[in-house]
>>> print(open('coords22.pdb').read())   # PDB, C-alpha atoms and all ligand atoms
ATOM      1  CA  MET A 245       0.000   0.000   0.000
ATOM      2  CA  TYR A 246       1.307   3.430  -0.937
ATOM      3  CA  LYS A 247       1.156   6.195   1.649
ATOM      4  CA  LYS A 248      -0.325   9.624   0.934
ATOM      5  CA  GLY A 249       2.398  12.192   0.733
ATOM      6  CA  ILE A 250       2.830  15.807  -0.052
ATOM      7  CA  LEU A 251       6.073  17.577  -0.968
ATOM      8  CA  LEU A 252       6.319  21.265  -0.151
ATOM      9  CA  ASP A 253       8.937  23.871  -0.833
ATOM     10  CA  ARG A 254       9.791  25.993   2.221
ATOM     11  CA  ASP A 255      10.648  29.621   1.382
ATOM     12  CA  GLY A 256       7.762  31.375  -0.366
ATOM     13  CA  VAL A 257       5.343  28.527   0.429
ATOM     14  CA  ILE A 258       5.523  27.918   4.202
ATOM     15  CA  ILE A 259       7.461  30.980   5.289
ATOM     16  CA  GLU A 260       8.121  34.374   3.787
ATOM     17  CA  ASN A 261      10.851  34.449   1.189
ATOM     18  CA  ARG A 262      13.775  36.796   1.888
ATOM     19  CA  GLU A 263      16.063  37.996  -0.857
ATOM     20  CA  ASP A 264      18.961  37.884   1.595
ATOM     21  CA  TYR A 265      18.012  34.350   2.780
ATOM     22  CA  VAL A 266      16.319  33.244   5.977
ATOM     23  CA  LYS A 267      19.425  32.971   8.156
ATOM     24  CA  ASN A 268      18.064  32.509  11.676
ATOM     25  CA  THR A 269      14.825  31.918  13.565
ATOM     26  CA  SER A 270      14.156  35.646  14.053
ATOM     27  CA  GLU A 271      13.749  35.955  10.275
ATOM     28  CA  VAL A 272      11.093  33.237  10.059
ATOM     29  CA  LYS A 273       7.613  34.502   9.205
ATOM     30  CA  ILE A 274       4.945  31.850   8.651
ATOM     31  CA  LEU A 275       2.737  32.826   5.696
ATOM     32  CA  PRO A 276      -1.026  33.358   6.232
ATOM     33  CA  GLY A 277      -3.147  30.194   6.143
ATOM     34  CA  VAL A 278      -0.181  27.827   6.322
ATOM     35  CA  ARG A 279      -0.882  26.572   9.841
ATOM     36  CA  GLU A 280      -4.477  25.739   8.869
ATOM     37  CA  ALA A 281      -3.378  24.121   5.594
ATOM     38  CA  ILE A 282      -0.815  21.846   7.250
ATOM     39  CA  THR A 283      -3.284  20.923   9.994
ATOM     40  CA  SER A 284      -5.837  19.875   7.358
ATOM     41  CA  LEU A 285      -3.213  17.692   5.677
ATOM     42  CA  TRP A 286      -2.360  15.989   8.964
ATOM     43  CA  MET A 287      -6.046  15.440   9.708
ATOM     44  CA  GLU A 288      -6.410  13.690   6.362
ATOM     45  CA  ASN A 289      -3.377  11.493   7.107
ATOM     46  CA  TYR A 290      -0.980  13.073   4.664
ATOM     47  CA  ILE A 291       2.720  12.722   5.358
ATOM     48  CA  VAL A 292       4.178  16.207   5.019
ATOM     49  CA  CYS A 293       7.680  16.524   3.568
ATOM     50  CA  ILE A 294       9.418  19.854   3.070
ATOM     51  CA  ILE A 295      12.095  20.017   0.396
ATOM     52  CA  THR A 296      14.228  23.123   0.351
ATOM     53  CA  ASN A 297      17.273  24.549  -1.423
ATOM     54  CA  GLN A 298      19.552  26.175   1.158
ATOM     55  CA  SER A 299      22.495  27.396  -0.869
ATOM     56  CA  GLY A 300      23.215  29.930   1.885
ATOM     57  CA  VAL A 301      25.008  27.065   3.658
ATOM     58  CA  SER A 302      27.442  26.540   0.784
ATOM     59  CA  LYS A 303      27.868  30.327   0.538
ATOM     60  CA  GLY A 304      28.783  30.494   4.234
ATOM     61  CA  LEU A 305      25.861  32.766   5.155
ATOM     62  CA  TYR A 306      24.555  30.359   7.820
ATOM     63  CA  SER A 307      25.329  26.867   9.060
ATOM     64  CA  GLU A 308      23.550  23.517   8.805
ATOM     65  CA  LYS A 309      22.829  23.907  12.517
ATOM     66  CA  ASP A 310      21.035  27.200  11.751
ATOM     67  CA  VAL A 311      18.947  25.378   9.110
ATOM     68  CA  LYS A 312      18.002  22.675  11.643
ATOM     69  CA  ASP A 313      17.193  25.302  14.302
ATOM     70  CA  ILE A 314      14.930  27.085  11.803
ATOM     71  CA  HIS A 315      13.173  23.790  11.075
ATOM     72  CA  ARG A 316      12.570  23.033  14.766
ATOM     73  CA  PHE A 317      11.249  26.593  15.141
ATOM     74  CA  ILE A 318       8.835  26.199  12.193
ATOM     75  CA  GLU A 319       7.579  22.896  13.645
ATOM     76  CA  LYS A 320       6.835  24.601  16.962
ATOM     77  CA  GLU A 321       4.989  27.388  15.176
ATOM     78  CA  LEU A 322       2.849  24.930  13.196
ATOM     79  CA  CYS A 323       2.054  22.433  15.934
ATOM     80  CA  HIS A 324      -0.803  23.042  18.323
ATOM     81  CA  GLU A 325      -3.618  20.689  19.445
ATOM     82  CA  ILE A 326      -3.385  18.794  16.204
ATOM     83  CA  SER A 327       0.098  18.049  15.061
ATOM     84  CA  GLY A 328       1.973  15.546  13.018
ATOM     85  CA  PRO A 329       5.542  15.061  11.933
ATOM     86  CA  ILE A 330       7.269  17.089   9.260
ATOM     87  CA  PHE A 331      10.018  15.367   7.323
ATOM     88  CA  TRP A 332      12.734  17.772   6.240
ATOM     89  CA  TYR A 333      14.974  17.477   3.208
ATOM     90  CA  TYR A 334      17.410  20.270   2.404
ATOM     91  CA  CYS A 335      20.177  20.788  -0.102
ATOM     92  CA  PRO A 336      23.072  22.855   1.288
ATOM     93  CA  HIS A 337      24.745  23.303  -2.124
ATOM     94  CA  GLN A 338      24.716  25.974  -4.812
ATOM     95  CA  ASP A 339      24.497  25.499  -8.584
ATOM     96  CA  LYS A 340      28.274  25.462  -9.016
ATOM     97  CA  ASP A 341      28.584  22.483  -6.628
ATOM     98  CA  LYS A 342      26.819  20.382  -9.305
ATOM     99  CA  CYS A 343      24.976  18.174  -6.800
ATOM    100  CA  THR A 344      21.950  16.038  -7.598
ATOM    101  CA  CYS A 345      19.846  17.300  -4.698
ATOM    102  CA  ARG A 346      19.460  21.002  -5.519
ATOM    103  CA  LYS A 347      16.164  21.698  -7.276
ATOM    104  CA  PRO A 348      15.539  21.684 -10.268
ATOM    105  CA  ASN A 349      17.253  18.324  -9.741
ATOM    106  CA  SER A 350      14.913  15.755  -8.298
ATOM    107  CA  GLY A 351      17.248  13.898  -5.912
ATOM    108  CA  LEU A 352      15.560  14.983  -2.702
ATOM    109  CA  LEU A 353      12.060  14.450  -4.090
ATOM    110  CA  GLU A 354      12.976  10.927  -5.112
ATOM    111  CA  LYS A 355      14.485  10.290  -1.690
ATOM    112  CA  ALA A 356      11.312  11.453   0.063
ATOM    113  CA  ILE A 357       9.147   9.336  -2.265
ATOM    114  CA  SER A 358      11.201   6.232  -1.588
ATOM    115  CA  ASP A 359      11.674   6.899   2.178
ATOM    116  CA  HIS A 360       7.905   6.983   2.721
ATOM    117  CA  ASN A 361       6.666   4.718  -0.054
ATOM    118  CA  PHE A 362       4.619   7.340  -1.900
ATOM    119  CA  CYS A 363       3.277   6.793  -5.400
ATOM    120  CA  SER A 364       4.983   9.581  -7.362
ATOM    121  CA  GLU A 365       2.111  10.046  -9.854
ATOM    122  CA  ASN A 366      -0.254  10.771  -6.961
ATOM    123  CA  THR A 367       2.161  12.971  -5.046
ATOM    124  CA  TRP A 368       2.085  16.742  -5.323
ATOM    125  CA  MET A 369       5.132  18.980  -5.319
ATOM    126  CA  VAL A 370       4.137  22.526  -4.354
ATOM    127  CA  GLY A 371       6.504  25.434  -4.890
ATOM    128  CA  ASP A 372       6.725  29.137  -5.676
ATOM    129  CA  ASN A 373       9.604  28.772  -8.124
ATOM    130  CA  ILE A 374       9.840  27.226 -11.564
ATOM    131  CA  ARG A 375      12.745  25.139 -10.154
ATOM    132  CA  ASP A 376      10.197  23.374  -7.928
ATOM    133  CA  ILE A 377       7.975  22.610 -10.896
ATOM    134  CA  GLU A 378      10.886  21.302 -12.942
ATOM    135  CA  ALA A 379      12.028  19.064 -10.057
ATOM    136  CA  GLY A 380       8.474  17.806  -9.555
ATOM    137  CA  ARG A 381       8.114  16.991 -13.256
ATOM    138  CA  LYS A 382      11.434  15.109 -13.228
ATOM    139  CA  ALA A 383      10.265  13.034 -10.257
ATOM    140  CA  GLN A 384       6.974  12.216 -12.094
ATOM    141  CA  CYS A 385       4.914  14.133  -9.522
ATOM    142  CA  GLN A 386       1.882  16.361  -9.859
ATOM    143  CA  THR A 387       3.034  19.966  -9.605
ATOM    144  CA  CYS A 388       1.467  23.124  -8.211
ATOM    145  CA  LEU A 389       2.843  26.631  -8.443
ATOM    146  CA  VAL A 390       1.686  28.929  -5.645
ATOM    147  CA  LEU A 391       1.685  32.664  -6.208
ATOM    148  CA  THR A 392       3.235  33.523  -2.865
ATOM    149  CA  GLY A 393       6.962  34.304  -2.733
ATOM    150  CA  LEU A 394       8.650  34.169  -6.133
ATOM    151  CA  GLY A 395       5.469  32.785  -7.697
ATOM    152  CA  LYS A 396       4.205  36.378  -7.832
ATOM    153  CA  SER A 397       6.454  37.023 -10.816
ATOM    154  CA  PHE A 398       5.322  33.901 -12.650
ATOM    155  CA  ASN A 399       4.883  34.299 -16.386
ATOM    156  CA  LYS A 400       4.391  31.663 -19.023
ATOM    157  CA  PRO A 401       7.272  29.196 -18.799
ATOM    158  CA  LYS A 402       8.325  26.634 -21.392
ATOM    159  CA  MET A 403       5.596  24.050 -21.981
ATOM    160  CA  SER A 404       7.600  21.301 -20.263
ATOM    161  CA  LEU A 405       7.585  23.368 -17.105
ATOM    162  CA  VAL A 406       3.894  24.209 -16.965
ATOM    163  CA  PRO A 407       2.546  23.292 -13.533
ATOM    164  CA  HIS A 408      -0.490  20.999 -13.275
ATOM    165  CA  LYS A 409      -2.130  23.577 -11.017
ATOM    166  CA  VAL A 410      -1.629  27.218 -10.131
ATOM    167  CA  CYS A 411      -3.015  28.306  -6.757
ATOM    168  CA  HIS A 412      -3.064  31.590  -4.910
ATOM    169  CA  ASP A 413      -1.385  30.042  -1.861
ATOM    170  CA  LEU A 414      -0.888  26.792   0.056
ATOM    171  CA  TYR A 415      -4.249  27.149   1.775
ATOM    172  CA  GLU A 416      -6.120  27.268  -1.548
ATOM    173  CA  PHE A 417      -4.114  24.315  -2.871
ATOM    174  CA  VAL A 418      -4.918  22.142   0.163
ATOM    175  CA  GLU A 419      -8.620  23.040   0.001
ATOM    176  CA  GLN A 420      -8.664  22.006  -3.664
ATOM    177  CA  ILE A 421      -6.909  18.665  -3.300
ATOM    178  CA  LEU A 422      -8.956  17.668  -0.263
ATOM    179  CA  THR A 423     -12.180  18.506  -2.116
ATOM    180  CA  GLU A 424     -11.011  16.536  -5.155
ATOM    181  CA  GLU A 425     -10.108  13.599  -2.918
ATOM    182  CA  GLU A 426     -13.557  13.645  -1.320
ATOM    183  CA  GLU A 427     -15.250  13.766  -4.733
ATOM    184  CA  SER A 428     -13.278  10.777  -5.977
ATOM    185  CA  LEU A 429     -14.407   8.549  -3.083
TER     186      LEU A 429
HETATM  187 MG    MG N   1      10.662  28.816  -2.709
HETATM  188 ZN    ZN N   2      22.600  19.545  -3.159
END
>>> encode(input="coords22.pdb", output="structure tokens", more="lines below")
Ligand SMILES: [Mg+2]
Ligand SMILES: [Zn+2]
Amino acid sequence: MYKKGILLDRDGVIIENREDYVKNTSEVKILPGVREAITSLWMENYIVCIITNQSGVSKGLYSEKDVKDIHRFIEKELCHEISGPIFWYYCPHQDKDKCTCRKPNSGLLEKAISDHNFCSENTWMVGDNIRDIEAGRKAQCQTCLVLTGLGKSFNKPKMSLVPHKVCHDLYEFVEQILTEEEESL
């Protein structure tokens, strides 16, 4: 049996994007509706994975410990009466490091899919950047571009990079997939 999974980008989807990188917990701002959206996913037994490019590590702007501290902080902000686990996957490299985990490469998506036994064709990758859509397509996932963060400047990409869905934000995306799931039962 496959498990139900969801792959989310972090900056611009869960928390506010910062041009100068989110370097410490004081710079973390959870976007509106995110807490409610994640709670709904947990209530419907989705396994939530967050997949994030953190090239600031390779650039020496912050450490891997800072990244992990930020992730613990986000978990605390999202968890209340109803809470579930969040599985974190981050790439500390930059383009010039030529790794296989930095989106638009699909290494981390494939790892999450295999770690949790998701069915890639039924798994959504949600991001605010065309890199997220490209990575999702490579991993054979469904893809959604959200118009928060960098998604605001979205304009028609190459056909191969067209997302399966475009939503205003994570909240709208979650509402839509949960409604579609209910209708298919
Ligand atoms: Mg992003
Ligand atoms: Zn990497």
>>> resolve_selection(input="coords22.pdb", expression="the PyMOL selection byres (((not hetatm)) within 8 of (chain N and resi 1))", output="count of residues only")
14
>>> residues_around(input="coords22.pdb", residues="A:Ile250", least_positions_apart="2", cutoff="6 Å", atoms="all atoms listed in the file", output="ChimeraX atom specification")
/A:292,367-368
>>> residues_near_ligand(input="coords22.pdb", ligand="ligand ZN 2 (chain N)", cutoff="9 Å", atoms="only C-alpha atoms and all ligand atoms", output="list in words")
Asn297, Gln298, Ser299, Tyr334, Cys335, Pro336, His337, Gln338, Asp339, Asp341, Lys342, Cys343, Thr344, Cys345, Arg346, Lys347, Asn349, Gly351 and Leu352 of chain A
>>> atom_distance(input="coords22.pdb", atom1="atom CA of A:Ile258", atom2="atom CA of A:Leu414")
7.7 Å
>>> residues_around(input="coords22.pdb", residues="A:Phe331", least_positions_apart="3", cutoff="12 Å", atoms="all atoms listed in the file", output="list in words")
Gly249, Ile250, Leu251, Leu252, Asp253, Arg254, Tyr290, Ile291, Val292, Cys293, Ile294, Ile295, Thr296, Lys312, His315, Arg316, Ile318, Glu319, Gly328, Tyr334, Leu352, Leu353, Lys355, Ala356, Ile357, Asp359 and His360 of chain A
>>> residues_around(input="coords22.pdb", residues="A:Asp264", least_positions_apart="2", cutoff="12 Å", atoms="all atoms listed in the file", output="MDAnalysis selection string")
chainID A and resid 255 260:262 266:268 271 298:300 303 305:306
>>> write_last_selection(input="coords22.pdb", atoms="C-alpha atoms", output="PDB file, in the frame of the given file")
ATOM      1  CA  ASP A 255      10.648  29.621   1.382  1.00  0.00           C
ATOM      2  CA  GLU A 260       8.121  34.374   3.787  1.00  0.00           C
ATOM      3  CA  ASN A 261      10.851  34.449   1.189  1.00  0.00           C
ATOM      4  CA  ARG A 262      13.775  36.796   1.888  1.00  0.00           C
ATOM      5  CA  VAL A 266      16.319  33.244   5.977  1.00  0.00           C
ATOM      6  CA  LYS A 267      19.425  32.971   8.156  1.00  0.00           C
ATOM      7  CA  ASN A 268      18.064  32.509  11.676  1.00  0.00           C
ATOM      8  CA  GLU A 271      13.749  35.955  10.275  1.00  0.00           C
ATOM      9  CA  GLN A 298      19.552  26.175   1.158  1.00  0.00           C
ATOM     10  CA  SER A 299      22.495  27.396  -0.869  1.00  0.00           C
ATOM     11  CA  GLY A 300      23.215  29.930   1.885  1.00  0.00           C
ATOM     12  CA  LYS A 303      27.868  30.327   0.538  1.00  0.00           C
ATOM     13  CA  LEU A 305      25.861  32.766   5.155  1.00  0.00           C
ATOM     14  CA  TYR A 306      24.555  30.359   7.820  1.00  0.00           C
TER      15      TYR A 306
END
>>> atom_distance(input="coords22.pdb", atom1="atom CA of A:Ile314", atom2="atom CA of A:Ser302")
16.7 Å
>>> closest_residue(input="coords22.pdb", among="A:Ile421, A:Cys363, A:Ile326, A:Val301", to="A:Lys409", atoms="all atoms listed in the file")
A:Ile421
>>> build_atoms(input="coords22.pdb", residues="stretch 374-398 of chain A", atoms="N, CA, C and O atoms", output="short mmCIF file (atom, residue, chain, number, x, y, z; two decimals), keeping the file's coordinate frame")
data_model
loop_
_atom_site.label_atom_id
_atom_site.label_comp_id
_atom_site.auth_asym_id
_atom_site.auth_seq_id
_atom_site.Cartn_x
_atom_site.Cartn_y
_atom_site.Cartn_z
N ILE A 374 9.89 28.14 -10.43
CA ILE A 374 9.84 27.23 -11.56
C ILE A 374 10.80 26.04 -11.35
O ILE A 374 10.59 24.95 -11.85
N ARG A 375 11.84 26.25 -10.53
CA ARG A 375 12.74 25.14 -10.15
C ARG A 375 11.99 24.01 -9.45
O ARG A 375 12.34 22.84 -9.58
N ASP A 376 10.98 24.38 -8.65
CA ASP A 376 10.20 23.37 -7.93
C ASP A 376 9.36 22.56 -8.91
O ASP A 376 9.19 21.35 -8.75
N ILE A 377 8.84 23.27 -9.91
CA ILE A 377 7.98 22.61 -10.90
C ILE A 377 8.82 21.66 -11.75
O ILE A 377 8.44 20.51 -12.01
N GLU A 378 10.00 22.13 -12.14
CA GLU A 378 10.89 21.30 -12.94
C GLU A 378 11.29 20.04 -12.16
O GLU A 378 11.28 18.93 -12.70
N ALA A 379 11.64 20.22 -10.89
CA ALA A 379 12.03 19.06 -10.06
C ALA A 379 10.86 18.10 -9.91
O ALA A 379 11.02 16.88 -10.01
N GLY A 380 9.67 18.64 -9.70
CA GLY A 380 8.47 17.81 -9.56
C GLY A 380 8.19 17.01 -10.82
O GLY A 380 7.88 15.82 -10.77
N ARG A 381 8.33 17.67 -11.97
CA ARG A 381 8.11 16.99 -13.26
C ARG A 381 9.13 15.85 -13.44
O ARG A 381 8.77 14.76 -13.88
N LYS A 382 10.38 16.14 -13.08
CA LYS A 382 11.43 15.11 -13.23
C LYS A 382 11.14 13.89 -12.36
O LYS A 382 11.48 12.77 -12.72
N ALA A 383 10.56 14.14 -11.18
CA ALA A 383 10.26 13.03 -10.26
C ALA A 383 8.90 12.39 -10.55
O ALA A 383 8.44 11.58 -9.77
N GLN A 384 8.28 12.77 -11.67
CA GLN A 384 6.97 12.22 -12.09
C GLN A 384 5.84 12.57 -11.14
O GLN A 384 4.90 11.80 -10.97
N CYS A 385 5.96 13.72 -10.47
CA CYS A 385 4.91 14.13 -9.52
C CYS A 385 3.90 15.04 -10.20
O CYS A 385 4.15 15.56 -11.28
N GLN A 386 2.79 15.28 -9.50
CA GLN A 386 1.88 16.36 -9.86
C GLN A 386 2.53 17.64 -9.33
O GLN A 386 3.19 17.61 -8.28
N THR A 387 2.35 18.75 -10.04
CA THR A 387 3.03 19.97 -9.60
C THR A 387 2.06 21.13 -9.45
O THR A 387 1.14 21.29 -10.25
N CYS A 388 2.29 21.92 -8.42
CA CYS A 388 1.47 23.12 -8.21
C CYS A 388 2.37 24.31 -7.94
O CYS A 388 3.25 24.25 -7.08
N LEU A 389 2.15 25.37 -8.70
CA LEU A 389 2.84 26.63 -8.44
C LEU A 389 1.94 27.49 -7.57
O LEU A 389 0.76 27.66 -7.89
N VAL A 390 2.46 27.99 -6.47
CA VAL A 390 1.69 28.93 -5.64
C VAL A 390 2.23 30.33 -5.88
O VAL A 390 3.42 30.51 -6.12
N LEU A 391 1.32 31.30 -5.82
CA LEU A 391 1.68 32.66 -6.21
C LEU A 391 2.14 33.51 -5.01
O LEU A 391 2.06 34.73 -5.03
N THR A 392 2.59 32.83 -3.98
CA THR A 392 3.24 33.52 -2.86
C THR A 392 4.73 33.51 -3.16
O THR A 392 5.20 32.74 -3.99
N GLY A 393 5.51 34.30 -2.50
CA GLY A 393 6.96 34.30 -2.73
C GLY A 393 7.30 34.65 -4.17
O GLY A 393 6.72 35.56 -4.75
N LEU A 394 8.18 33.88 -4.77
CA LEU A 394 8.65 34.17 -6.13
C LEU A 394 7.56 33.92 -7.16
O LEU A 394 7.64 34.41 -8.28
N GLY A 395 6.56 33.11 -6.79
CA GLY A 395 5.47 32.78 -7.70
C GLY A 395 4.73 34.02 -8.19
O GLY A 395 4.09 34.00 -9.24
N LYS A 396 4.86 35.12 -7.44
CA LYS A 396 4.20 36.38 -7.83
C LYS A 396 4.67 36.83 -9.20
O LYS A 396 3.93 37.47 -9.94
N SER A 397 5.92 36.54 -9.54
CA SER A 397 6.45 37.02 -10.82
C SER A 397 6.38 35.95 -11.90
O SER A 397 7.08 36.00 -12.90
N PHE A 398 5.50 34.99 -11.69
CA PHE A 398 5.32 33.90 -12.65
C PHE A 398 4.81 34.41 -13.99
O PHE A 398 3.83 35.14 -14.04
#
